[in-house]
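*Asks:* Handing you a structure now.
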Amino acid sequence: MAKHKIIMTGGGSAGHVTPNLALIPTLEKEDFEVQYIGTADGIERKIIGQEGIKYHVISSGKLRRYFDIKNFTDPFRVIKGIFEAKRIIKREKPDIVFSKGGFVAVPVVLGAFFNRVPVVSHESDLTPGLANKIALPYSTKVCLTFPETMEHVKKRKAVLTGTPIRKELLEGSRLKGLNYCGFSKDKPVLLIIGGSLGSKKINDIVRKNIATLLEKYQIIHICGRNNLDNSLALENYKQFEYVSDELPDLLNCADIVVSRAGANVIFELLALKKPNLLIPLSKKSSRGDQILNAKSFEKKGYSLVLEEEELDDKSFIEKLGDLYEDRNKYIAAMGKSELQNAVDKIVEVIKTSIKK
């Protein structure tokens with residue numbers, strides 16, 4: 001029988017789930033029984049389902065900062081979710097709850113609080129998201145990814161850990177990646193990745209300039225679900241909707257990367273020391289957290305940044321050229337970073353937060 005039981009939560013996007021996946025092998029090695037609370041149709045159910053972990057379903061509603069007709073119904077779904085999470089936690093009697101944020105986390109954190117179960121939360125972005133802001137008062141400890149976030153959280157709760165990265169991501173093979181795409185060793189590889197849902201803006205600019213890009217690079221384009229363009233069957237251009245098992249190899253074989261600026265992906269690129277051009281989501285379509293993440297990395301010399309408002313054919317091609325020319329400078333800066341894989345640090349915080 002396992003020594004401790006932990007219930008994890010987090011969902012809404014892959015970014016709220018994959019850090020949990022990175023922690024699970026170490027938690028199990030440390031003799032934790034792991035369970036998960038998520039929604040019935042969230043991405044977390046599919047991802048966690050593949051791991052064979054006991055999964056509990058609750059209701060939840062999205063917490064929005066803008067007007068939407070669902071703003072009238074979702075608060076009731078959150079309240080229903082609190083009662084459901086409270087019941088599950090009372091029945092399962094975990095020693096601790098770990099929350100990765102996203103709107104499913106709010107009912108779970110409150111359900112734990114009402115059962116007097118300690119909660120460790122993790123905030124990926126530079127400024128806490130709305131769900132984590134609500135969860136902060138009910139958390140025993142809050143693990144932070146960026147040093148700048150320390151000023152947003154009470155000192156006694158804040159622990160700077162960085163973000164957890166799956167071990168297998170760091171074990172990719174360049175040769176396997178090249179073979180998988182049918183690429184040669186003699187031409188640089190450009191990897192484009194737009195987050196778990198893809199990015200229309202990035203996909204469009206890549207495809208519009210594909211002939212120019214292919215003169216210089218072999219291209220791996222992870223474009224998001226339902227975003228393949230089957231009219232572009234070109235040599236040295238490989239498109240994928242979503243990559244799971246082969247991702248470590250594809251990342252390993254990339255010479256430079258174009259990406260959104262979600263905290264998980266940029267810390268993965270940092271750990272892998274991949275020179276990257278970040279195109280953060282604009283303030284029009286997000287709360288601006290990606291812009292802050294990107295600026296932090298730019299300031300430290302880890303990334304080149306191109307704001308979405310400035311994104312056009314000329315700026316895109318020029319910035320990629322600059323990135324490739326200066327790639328060694330970025331690799332050297334990333335090599336000096338102290339923010340490496342956070343798995344062990346976070347597991348230690350979890351262990352010390354369990355009530356003695």
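Labeling convention for the structure tokens: chains A, B, ... as they appear, residues from 1 per chain, ligands from 1 in order of appearance.
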What lies within 7 Å of region 174-181 of chain A using only C-alpha atoms, ignoring chain neighbours under 6 positions off, as a ChimeraX atom specification?

*Replies:* /A:238,249-250,252-253

*Asks:* What are the DSSP helix (DSSP H, G or I) residues of region 114-197 of chain A, as a list in words?

*Replies:*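 Secondary structure check on region 114-197 of chain A, helix (DSSP H, G or I): Phe114, Leu130, Ala131, Asn132, Lys133, Ile134, Ala135, Leu136, Pro137, Tyr138, Pro147, Glu148, Thr149, Met150, Glu151, His152, Lys167, Glu168, Leu169, Leu170, Glu171, Arg174, Leu175, Lys176, Gly177, Leu178, Asn179, Tyr180 and Cys181 of chain A.
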
*Asks:* Of the candidates A:Lys355, A:Lys314, A:Lys90, A:Arg207, which one gets nearest to Pro118 (chain A) if we count only C-alpha atoms?

*Replies:*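 Among the listed residues, A:Lys355 lies closest to Pro118 (chain A).
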
*Asks:* Please provide as a list in words all residues within 9 Å of region 319-327 of chain A, with the sequence filter that same-chain residues fewer than 2 positions apart are discarded (counting only C-alpha atoms).

*Replies:* Asp255, Ile256, Val258, Lys274, Pro275, Asn276, Leu277, Ser303, Leu304, Val305, Leu306, Lys314, Ser315, Phe316, Ile317, Lys329, Tyr330, Ile331 and Ala332 of chain A

*Asks:* Name the residues of region 228-266 of chain A that fall into strand (DSSP E) according to DSSP on the backbone, using the chain letters and numbers of this document, as a PyMOL selection string.

*Replies:* chain A and resi 237-240+256-259

*Asks:* So which one's closest to Gly301 (chain A), A:Asp95, A:Ile210, A:Asp313, A:Ala333? Using only C-alpha atoms, please.

*Replies:*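 Nearest candidate to Gly301 (chain A) out of A:Asp95, A:Ile210, A:Asp313, A:Ala333: A:Ala333.
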
*Asks:* Quick one: residues within 8 Å of Leu21 (chain A), only C-alpha atoms, excluding same-chain residues fewer than 3 positions away - as an mmCIF file with N, CA, C and O atoms, in the first residue's frame?

*Replies:*
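Printed below is part_3.cif as written:
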```
data_model
loop_
_atom_site.group_PDB
_atom_site.id
_atom_site.type_symbol
_atom_site.label_atom_id
_atom_site.label_comp_id
_atom_site.auth_asym_id
_atom_site.auth_seq_id
_atom_site.Cartn_x
_atom_site.Cartn_y
_atom_site.Cartn_z
ATOM 1 N N VAL A 17 -1.933 20.583 -17.843
ATOM 2 C CA VAL A 17 -1.925 19.140 -17.562
ATOM 3 C C VAL A 17 -0.525 18.536 -17.672
ATOM 4 O O VAL A 17 -0.117 17.739 -16.825
ATOM 5 N N THR A 18 0.238 18.946 -18.709
ATOM 6 C CA THR A 18 1.536 18.290 -18.932
ATOM 7 C C THR A 18 2.508 18.454 -17.755
ATOM 8 O O THR A 18 3.266 17.520 -17.491
ATOM 9 N N ILE A 24 4.290 12.996 -12.073
ATOM 10 C CA ILE A 24 3.714 11.704 -11.666
ATOM 11 C C ILE A 24 4.752 10.588 -11.479
ATOM 12 O O ILE A 24 4.750 9.920 -10.446
ATOM 13 N N PRO A 25 5.702 10.376 -12.436
ATOM 14 C CA PRO A 25 6.668 9.277 -12.222
ATOM 15 C C PRO A 25 7.461 9.430 -10.923
ATOM 16 O O PRO A 25 7.688 8.446 -10.207
ATOM 17 N N ILE A 48 -4.752 12.348 -19.156
ATOM 18 C CA ILE A 48 -4.568 11.556 -17.929
ATOM 19 C C ILE A 48 -5.074 10.125 -18.129
ATOM 20 O O ILE A 48 -4.513 9.172 -17.591
ATOM 21 N N ARG A 166 8.784 16.964 -18.480
ATOM 22 C CA ARG A 166 8.800 15.500 -18.588
ATOM 23 C C ARG A 166 10.198 15.005 -18.974
ATOM 24 O O ARG A 166 10.803 15.518 -19.911
#
```

*Asks:* Write out as a list in words each polymer residue whose atoms come within 8 Å of Val108 (chain A), counting only C-alpha atoms; drop sequence neighbours fewer than 2 positions from it.

*Replies:*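 The residues that qualify are Thr9, Ile37, Gly81, Ile82, Ala85, Lys86, Val104, Ala105, Val106, Leu110, Gly111 and Ala112 of chain A.
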
*Asks:* CA of Leu160 (chain A) to CA of Lys299 (chain A): how many Å, to one decimal?

*Replies:* 18.7 Å

*Asks:* As an NGL selection string, please: the residues near Leu278 (chain A) (cut-off 12 Å, only C-alpha atoms, same-chain neighbours under 4 positions excluded).

*Replies:* :A and (192-195 or 202 or 256-263 or 265-266 or 269 or 274 or 282 or 290-298 or 302-308 or 311 or 316 or 319-320 or 323)

*Asks:* Name the residues in contact with Gly52 (chain A) at a cut-off of 12 Å, using only C-alpha atoms, excluding same-chain residues fewer than 3 positions from it; report them as a list in words.

*Replies:*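 Result of the neighbour search: Leu21, Ile24, Val34, Gln35, Tyr36, Arg45, Lys46, Ile47, Ile48, Gly49 and Tyr55 of chain A.
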
*Asks:* Could those residues be written to a file, using N, CA and C atoms, as an mmCIF file, in the first residue's frame?

*Replies:*
```
data_model
loop_
_atom_site.group_PDB
_atom_site.id
_atom_site.type_symbol
_atom_site.label_atom_id
_atom_site.label_comp_id
_atom_site.auth_asym_id
_atom_site.auth_seq_id
_atom_site.Cartn_x
_atom_site.Cartn_y
_atom_site.Cartn_z
ATOM 1 N N LEU A 21 1.893 15.628 -15.533
ATOM 2 C CA LEU A 21 2.467 14.390 -16.089
ATOM 3 C C LEU A 21 3.947 14.275 -15.752
ATOM 4 N N ILE A 24 4.290 12.996 -12.073
ATOM 5 C CA ILE A 24 3.714 11.704 -11.666
ATOM 6 C C ILE A 24 4.752 10.588 -11.479
ATOM 7 N N VAL A 34 -1.491 8.206 -6.864
ATOM 8 C CA VAL A 34 -1.922 9.425 -7.555
ATOM 9 C C VAL A 34 -3.328 9.248 -8.123
ATOM 10 N N GLN A 35 -4.195 10.218 -7.847
ATOM 11 C CA GLN A 35 -5.522 10.287 -8.473
ATOM 12 C C GLN A 35 -5.679 11.677 -9.083
ATOM 13 N N TYR A 36 -6.729 11.849 -9.904
ATOM 14 C CA TYR A 36 -6.896 13.116 -10.627
ATOM 15 C C TYR A 36 -8.359 13.537 -10.621
ATOM 16 N N ARG A 45 -8.842 14.961 -19.403
ATOM 17 C CA ARG A 45 -9.370 13.589 -19.303
ATOM 18 C C ARG A 45 -8.659 12.667 -20.295
ATOM 19 N N LYS A 46 -8.460 13.169 -21.500
ATOM 20 C CA LYS A 46 -7.798 12.363 -22.537
ATOM 21 C C LYS A 46 -6.332 12.105 -22.160
ATOM 22 N N ILE A 47 -5.645 13.175 -21.725
ATOM 23 C CA ILE A 47 -4.205 13.049 -21.424
ATOM 24 C C ILE A 47 -3.981 12.132 -20.222
ATOM 25 N N ILE A 48 -4.752 12.348 -19.156
ATOM 26 C CA ILE A 48 -4.568 11.556 -17.929
ATOM 27 C C ILE A 48 -5.074 10.125 -18.129
ATOM 28 N N GLY A 49 -6.125 9.990 -18.962
ATOM 29 C CA GLY A 49 -6.679 8.658 -19.251
ATOM 30 C C GLY A 49 -5.639 7.718 -19.823
ATOM 31 N N TYR A 55 -9.487 8.578 -12.262
ATOM 32 C CA TYR A 55 -9.926 9.919 -12.669
ATOM 33 C C TYR A 55 -11.344 10.177 -12.165
#
```

*Asks:* Which residue, A:Pro280, A:Gly182, A:Gly10, A:Pro137, has the smallest gap to Ile220 (chain A) when you use only C-alpha atoms?

*Replies:* A:Gly182

*Asks:* From the options A:Phe103, A:Tyr217, A:Tyr242, A:Tyr138, which residue's atoms come nearest to Pro188 (chain A), counting only C-alpha atoms?

*Replies:*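 Going through A:Phe103, A:Tyr217, A:Tyr242, A:Tyr138 one by one, the smallest distance to Pro188 (chain A) is for A:Tyr217.
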